[in-house]
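**Student:** File name work-v3.txt; file contents compact mmCIF, C-alpha atoms and all ligand atoms; full text below.
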# COMPACT_ATOMS: atom_id res chain seq x y z
CA MET A 16 22.24 33.77 16.31
CA VAL A 17 19.00 33.72 14.44
CA ALA A 18 18.80 29.95 14.55
CA ASP A 19 18.67 30.00 18.35
CA THR A 20 15.57 32.16 18.40
CA ARG A 21 13.49 29.82 16.24
CA LEU A 22 10.51 28.49 18.04
CA PRO A 23 9.92 24.79 17.83
CA SER A 24 6.62 24.09 16.14
CA ALA A 25 4.39 21.13 15.60
CA SER A 26 5.52 21.04 11.99
CA SER A 27 9.23 21.40 12.73
CA HIS A 28 11.32 19.43 10.32
CA ASP A 29 12.80 16.05 10.87
CA ASP A 30 16.09 16.61 9.12
CA GLY A 31 16.61 12.90 8.73
CA LEU A 32 13.50 12.42 6.62
CA GLU A 33 14.92 13.78 3.40
CA ALA A 34 18.13 11.77 3.81
CA ARG A 35 16.27 8.54 4.56
CA LEU A 36 13.97 9.04 1.60
CA ALA A 37 16.96 9.67 -0.67
CA SER A 38 18.64 6.57 0.66
CA VAL A 39 15.59 4.38 0.01
CA ARG A 40 15.19 5.85 -3.48
CA GLN A 41 18.81 4.98 -4.16
CA GLY A 42 18.22 1.50 -2.75
CA ILE A 43 15.28 1.04 -5.12
CA THR A 44 17.37 2.20 -8.08
CA ASP A 45 20.12 -0.24 -7.09
CA ALA A 46 17.63 -3.09 -6.66
CA ALA A 47 16.10 -2.40 -10.07
CA ARG A 48 19.53 -2.43 -11.66
CA ALA A 49 20.41 -5.71 -9.93
CA ALA A 50 17.14 -7.19 -11.19
CA GLY A 51 17.70 -5.87 -14.71
CA ARG A 52 14.45 -3.93 -14.53
CA PRO A 53 13.67 -0.32 -15.41
CA VAL A 54 13.20 1.69 -12.22
CA ASP A 55 10.13 3.39 -13.63
CA GLU A 56 8.24 0.08 -13.29
CA LEU A 57 8.43 0.58 -9.52
CA THR A 58 6.02 2.63 -7.45
CA LEU A 59 7.16 3.68 -3.99
CA VAL A 60 4.25 3.81 -1.56
CA VAL A 61 5.44 5.49 1.63
CA VAL A 62 3.61 3.95 4.59
CA THR A 63 2.73 6.82 6.94
CA LYS A 64 0.47 5.01 9.43
CA TYR A 65 0.45 6.46 12.97
CA HIS A 66 2.41 9.51 11.79
CA PRO A 67 0.76 12.93 11.74
CA ALA A 68 -0.57 14.57 8.60
CA SER A 69 2.29 17.08 8.85
CA LEU A 70 4.76 14.31 8.05
CA VAL A 71 2.78 13.32 4.98
CA ARG A 72 2.78 16.95 3.89
CA GLU A 73 6.54 17.10 4.28
CA LEU A 74 6.91 13.91 2.24
CA ALA A 75 4.81 15.50 -0.49
CA THR A 76 7.19 18.46 -0.63
CA LEU A 77 9.97 15.91 -1.16
CA GLY A 78 8.18 14.52 -4.18
CA VAL A 79 6.31 11.59 -2.64
CA THR A 80 3.01 10.99 -4.44
CA HIS A 81 1.83 7.60 -3.10
CA VAL A 82 1.11 7.05 0.58
CA GLY A 83 -0.15 3.99 2.46
CA GLU A 84 -2.35 3.84 5.54
CA ASN A 85 -3.77 0.90 7.44
CA ARG A 86 -6.44 2.35 9.74
CA HIS A 87 -9.63 3.70 8.32
CA GLN A 88 -10.35 6.52 10.76
CA GLU A 89 -6.81 7.79 10.67
CA ALA A 90 -6.55 7.58 6.89
CA GLN A 91 -9.86 9.36 6.41
CA ALA A 92 -8.80 12.24 8.67
CA LYS A 93 -5.40 12.65 7.04
CA ALA A 94 -6.77 12.49 3.51
CA ALA A 95 -9.30 15.19 4.42
CA GLU A 96 -6.65 17.40 5.97
CA LEU A 97 -4.35 16.97 2.97
CA ALA A 98 -6.97 17.20 0.24
CA ASP A 99 -5.00 20.04 -1.37
CA LEU A 100 -2.08 17.70 -2.17
CA PRO A 101 -1.83 15.57 -5.32
CA LEU A 102 -1.51 12.31 -3.37
CA THR A 103 -2.64 8.80 -4.24
CA TRP A 104 -3.91 7.11 -1.06
CA HIS A 105 -3.41 3.37 -0.70
CA PHE A 106 -5.34 1.52 1.96
CA ILE A 107 -3.20 -1.43 3.09
CA GLY A 108 -4.87 -2.60 6.31
CA GLN A 109 -7.67 -4.85 7.38
CA LEU A 110 -10.96 -3.33 6.33
CA GLN A 111 -14.44 -4.04 7.63
CA SER A 112 -17.18 -4.13 5.04
CA LYS A 113 -19.02 -1.32 6.84
CA LYS A 114 -15.98 0.93 6.52
CA ALA A 115 -15.20 -0.09 2.96
CA ARG A 116 -17.95 2.11 1.59
CA GLN A 117 -16.44 5.09 3.37
CA ALA A 118 -12.88 4.16 2.44
CA ARG A 119 -13.61 4.52 -1.24
CA ARG A 120 -14.35 8.23 -0.67
CA TYR A 121 -10.66 8.91 -0.05
CA ALA A 122 -8.71 5.76 -0.99
CA HIS A 123 -7.70 5.53 -4.62
CA VAL A 124 -6.30 2.05 -4.13
CA VAL A 125 -7.31 -0.70 -1.71
CA GLN A 126 -4.49 -3.23 -1.47
CA SER A 127 -6.02 -5.46 1.17
CA LEU A 128 -8.99 -7.13 -0.51
CA ASP A 129 -9.19 -10.47 1.22
CA ARG A 130 -12.82 -11.11 2.09
CA SER A 131 -15.90 -11.38 -0.09
CA SER A 132 -17.86 -9.12 2.24
CA VAL A 133 -15.30 -6.33 1.80
CA VAL A 134 -15.13 -6.78 -1.96
CA ASP A 135 -18.92 -6.78 -2.23
CA ALA A 136 -19.09 -3.55 -0.23
CA PHE A 137 -17.54 -1.78 -3.22
CA ALA A 138 -20.21 -3.03 -5.61
CA PRO A 139 -23.01 -0.73 -6.78
CA THR A 140 -26.20 -0.74 -4.72
CA GLU A 141 -29.67 0.57 -5.35
CA ALA A 142 -28.92 3.57 -3.15
CA GLU A 143 -25.61 4.16 -4.92
CA PRO A 144 -25.75 2.74 -8.43
CA ALA A 145 -22.55 4.45 -9.62
CA PRO A 146 -20.02 4.49 -6.78
CA PRO A 147 -16.46 5.74 -7.34
CA VAL A 148 -14.24 3.23 -9.11
CA ILE A 149 -11.12 2.31 -7.19
CA ASP A 150 -8.03 0.23 -7.89
CA GLY A 151 -7.73 -3.01 -5.94
CA PHE A 152 -5.23 -5.71 -5.08
CA VAL A 153 -6.13 -9.14 -3.76
CA GLN A 154 -4.10 -9.69 -0.60
CA VAL A 155 -2.50 -13.12 -0.44
CA ASN A 156 -1.58 -14.88 2.79
CA LEU A 157 1.90 -16.36 2.25
CA THR A 158 2.15 -17.78 5.77
CA GLY A 159 0.86 -21.16 6.83
CA ASP A 160 -1.33 -19.42 9.41
CA PRO A 161 -4.91 -18.94 8.22
CA GLY A 162 -5.40 -16.30 10.92
CA ARG A 163 -3.16 -13.82 9.09
CA GLY A 164 -4.49 -11.27 6.62
CA GLY A 165 -4.94 -12.33 3.03
CA VAL A 166 -6.60 -15.14 1.17
CA GLN A 167 -5.00 -18.55 0.93
CA PRO A 168 -3.07 -19.05 -2.31
CA ASP A 169 -5.59 -21.57 -3.62
CA ALA A 170 -8.45 -19.10 -3.11
CA VAL A 171 -6.89 -16.20 -4.99
CA GLU A 172 -8.61 -16.86 -8.31
CA ALA A 173 -12.04 -16.99 -6.69
CA MET A 174 -11.38 -13.68 -4.92
CA ALA A 175 -10.06 -12.12 -8.12
CA GLU A 176 -13.23 -13.20 -9.94
CA ARG A 177 -15.29 -11.63 -7.21
CA VAL A 178 -13.38 -8.36 -7.52
CA LEU A 179 -13.89 -8.35 -11.28
CA ALA A 180 -17.60 -9.00 -10.79
CA THR A 181 -18.11 -5.77 -8.83
CA GLY A 182 -17.51 -3.67 -11.92
CA THR A 183 -16.31 -0.90 -9.60
CA ILE A 184 -12.85 -2.19 -8.70
CA ARG A 185 -10.11 -2.19 -11.31
CA LEU A 186 -8.13 -5.29 -10.42
CA ARG A 187 -4.47 -4.29 -10.40
CA GLY A 188 -2.92 -7.49 -9.08
CA VAL A 189 -1.82 -9.11 -5.85
CA MET A 190 -0.37 -7.89 -2.57
CA ALA A 191 1.40 -9.73 0.24
CA VAL A 192 3.60 -9.40 3.29
CA ALA A 193 6.53 -11.80 3.59
CA PRO A 194 6.22 -14.28 6.49
CA LEU A 195 8.63 -13.70 9.38
CA ASP A 196 9.90 -17.26 9.40
CA GLU A 197 10.93 -17.62 5.78
CA GLU A 198 13.45 -16.13 3.38
CA PRO A 199 11.49 -13.21 1.90
CA ARG A 200 12.73 -13.95 -1.59
CA ALA A 201 11.29 -17.48 -1.55
CA ALA A 202 7.93 -16.12 -0.42
CA PHE A 203 7.97 -13.40 -3.08
CA ALA A 204 8.78 -16.04 -5.70
CA ARG A 205 5.57 -17.84 -4.71
CA LEU A 206 3.67 -14.58 -4.95
CA ARG A 207 4.98 -14.15 -8.47
CA THR A 208 3.55 -17.49 -9.58
CA ILE A 209 0.23 -16.54 -7.99
CA SER A 210 0.38 -13.24 -9.88
CA ASP A 211 0.88 -15.16 -13.13
CA ARG A 212 -2.34 -17.08 -12.43
CA VAL A 213 -4.28 -13.88 -11.80
CA VAL A 214 -3.01 -12.39 -15.05
CA THR A 215 -4.58 -15.30 -16.93
CA LEU A 216 -7.95 -14.12 -15.51
CA GLU A 217 -7.39 -10.42 -16.13
CA ALA A 218 -4.58 -9.46 -18.47
CA ARG A 219 -4.23 -5.98 -16.95
CA ALA A 220 -3.83 -7.22 -13.37
CA THR A 221 -0.05 -7.42 -13.62
CA ASP A 222 0.91 -5.47 -10.50
CA ILE A 223 2.58 -7.04 -7.49
CA SER A 224 2.66 -5.13 -4.21
CA ALA A 225 5.41 -6.65 -2.09
CA GLY A 226 8.40 -5.50 -0.14
CA MET A 227 8.69 -3.39 2.98
CA SER A 228 11.60 -1.61 4.68
CA GLY A 229 13.59 -4.77 5.32
CA ASP A 230 12.94 -6.81 2.19
CA TYR A 231 12.13 -4.56 -0.74
CA ALA A 232 15.27 -5.49 -2.68
CA ASP A 233 14.16 -9.15 -2.64
CA ALA A 234 10.71 -8.10 -3.77
CA VAL A 235 12.15 -6.17 -6.71
CA LEU A 236 14.10 -9.28 -7.73
CA GLU A 237 10.82 -11.22 -7.80
CA GLY A 238 8.88 -8.76 -9.90
CA ALA A 239 7.28 -6.39 -7.37
CA THR A 240 5.84 -3.23 -8.91
CA HIS A 241 4.66 -1.54 -5.69
CA LEU A 242 6.93 -1.24 -2.64
CA ARG A 243 5.25 -0.35 0.66
CA ILE A 244 8.00 1.23 2.72
CA GLY A 245 7.48 2.81 6.13
CA THR A 246 10.12 2.95 8.84
CA ALA A 247 13.15 3.05 6.52
CA ILE A 248 11.82 6.46 5.42
CA THR A 249 9.76 7.79 8.31
CA GLY A 250 11.92 6.52 11.14
CA ASN A 251 10.30 4.64 13.98
CA ARG A 252 6.54 4.81 14.15
CA PRO A 253 4.77 6.33 17.13
CA ALA A 254 2.88 3.69 19.12
CA ALA A 255 -0.43 2.62 17.61
CA PRO A 256 -3.05 5.17 18.65
C1 LIG A 301 3.26 -1.11 8.17
C2 LIG A 301 3.17 -1.84 6.88
C3 LIG A 301 4.18 -1.72 5.90
C4 LIG A 301 5.47 -0.93 6.11
O1 LIG A 301 6.32 -1.61 6.98
P1 LIG A 301 7.80 -1.08 7.28
O2 LIG A 301 8.49 -2.25 7.85
O3 LIG A 301 7.65 0.06 8.24
O4 LIG A 301 8.41 -0.63 6.00
C5 LIG A 301 3.99 -2.38 4.70
N1 LIG A 301 2.89 -3.12 4.45
C6 LIG A 301 1.91 -3.26 5.36
C7 LIG A 301 0.72 -4.09 5.03
C8 LIG A 301 2.01 -2.62 6.60
O5 LIG A 301 1.03 -2.77 7.49
Starting from the file, give its structure as structure tokens.

**Tutor:**
Amino acid sequence: MVADTRLPSASSHDDGLEARLASVRQGITDAARAAGRPVDELTLVVVTKYHPASLVRELATLGVTHVGENRHQEAQAKAAELADLPLTWHFIGQLQSKKARQARRYAHVVQSLDRSSVVDAFAPTEAEPAPPVIDGFVQVNLTGDPGRGGVQPDAVEAMAERVLATGTIRLRGVMAVAPLDEEPRAAFARLRTISDRVVTLEARATDISAGMSGDYADAVLEGATHLRIGTAITGNRPAAP
């Protein structure tokens, strides 16, 4: 049999990937219907962190156009390797201000703006008066723990103002991760009210990035526009490198 003679290769297919992607797409369609929202308001960002570039390439052949990464070095390498693909790269992890300048070379969207120093790193400088313009989300900390990523809810307006002041970040809206110890829907409802406040500062900043593999249906019910979904599509992640 021909099939038995095939050599395994580094890019050999994970047959489950296509099925899992289809299942999540169906889940998003169902969630939109339940929320009474048009599905084309929703952007699926497939989180590919720790997975090889070959998996991202395979996702692209399945029609995925938005991918999310949370480590600068890894994201930079994958984006370089996959520069031939029409992908929008979202940076969703903690970013140091030193790396932020480099991140804007490949990231089209930075969803994790939560410190002034990082935001300011995107501003024009004397050495680079016209840096690339990127899209940005202010990350909001919905937990009671100030050690988690994101700005406290009462500091969101100040951070949004700072983003707007750079002139080089188009403020798209807010991003958050649901706390582990709370009903996700209640947390996403809070995020929605925070989003409403940001929209009063910048009318175009209407996007809400919320919802992961386990809670995206709740996020859709509370107005999410960007769903960051990893394991439900990619399967389990390799250990952090
Ligand atoms: C890893 C990650 C995700 C995806 O999580 P899954 O549970 O695998 O869907 C989403 N958002 C952020 C910020 C992440 O770090």

**Student:** So that I can check the surroundings of region 235-244 of chain A, please list as an MDAnalysis selection string every protein, DNA and RNA residue that reaches within 10 Å of it, counting all atoms listed in the file and ignoring chain neighbours fewer than 2 positions away.

**Tutor:** chainID A and resid 36 39 43:52 54:63 81:84 105 107 188:190 192 199:208 210 221:233 246:249

**Student:** With distances taken over only C-alpha atoms, which residue among A:Arg119, A:His66, A:Arg219, A:Arg130 lies nearest Leu186 (chain A)?

**Tutor:**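 Of A:Arg119, A:His66, A:Arg219, A:Arg130, the one nearest Leu186 (chain A) is A:Arg219, counting only C-alpha atoms.
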
**Student:** Select, from A:Leu32, A:Leu77, A:Lys64, A:Val133, the residue with the minimum atom-to-atom distance to Ala118 (chain A), counting only C-alpha atoms.

**Tutor:** A:Val133

**Student:** Quick one, how far is CA of Val178 (chain A) from CA of Ser132 (chain A)?

**Tutor:** 10.8 Å

**Student:** If you take every atom of region 228-243 of chain A that the file lists and fit an axis-aligned box around them with 6 Å extra on each side, what centre and edge lengths come out in Å to one decimal, as lines of an AutoDock Vina configuration file?

**Tutor:**
center_x = 10.0
center_y = -5.8
center_z = -2.3
size_x = 22.6
size_y = 22.9
size_z = 27.2

**Student:** Quote the spacing between atom O3 of ligand LIG 301 (chain A) and CA of Pro147 (chain A) in Å to one decimal place.

**Tutor:**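 Atom-to-atom, atom O3 of ligand LIG 301 (chain A) to CA of Pro147 (chain A), that is 29.3 Å.
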
**Student:** Can you work out the spacing between CA of Ala170 (chain A) and CA of Ala90 (chain A) in Å, to one decimal?

**Tutor:**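 Computing it gives 28.6 Å between the two atoms.
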
**Student:** Taking into account all atoms listed in the file, which residue in the set A:Arg86, A:Arg72, A:Arg187, A:Lys113 is nearest to ligand LIG 301 (chain A)?

**Tutor:**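 Closest residue, counting all atoms listed in the file: A:Arg86.
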
**Student:** For ligand LIG 301 (chain A), which of A:Arg120, A:Arg35, A:Arg252, A:Lys93 is the closest residue, counting only C-alpha atoms and all ligand atoms?

**Tutor:**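 Once distances to ligand LIG 301 (chain A) are computed over only C-alpha atoms and all ligand atoms, the minimum belongs to A:Arg252.
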
**Student:** When distances are computed from only C-alpha atoms and all ligand atoms, which of A:Gln91, A:Ser127, A:Gln117, A:Thr140 shows the smallest separation from ligand LIG 301 (chain A)?

**Tutor:**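 Of the candidates, the smallest distance to ligand LIG 301 (chain A) is held by A:Ser127.
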
**Student:** Nearest residue to ligand LIG 301 (chain A) out of A:Thr215, A:Thr158, A:Gln109, A:Thr181, using only C-alpha atoms and all ligand atoms?

**Tutor:**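 Result for the nearest residue to ligand LIG 301 (chain A): A:Gln109.
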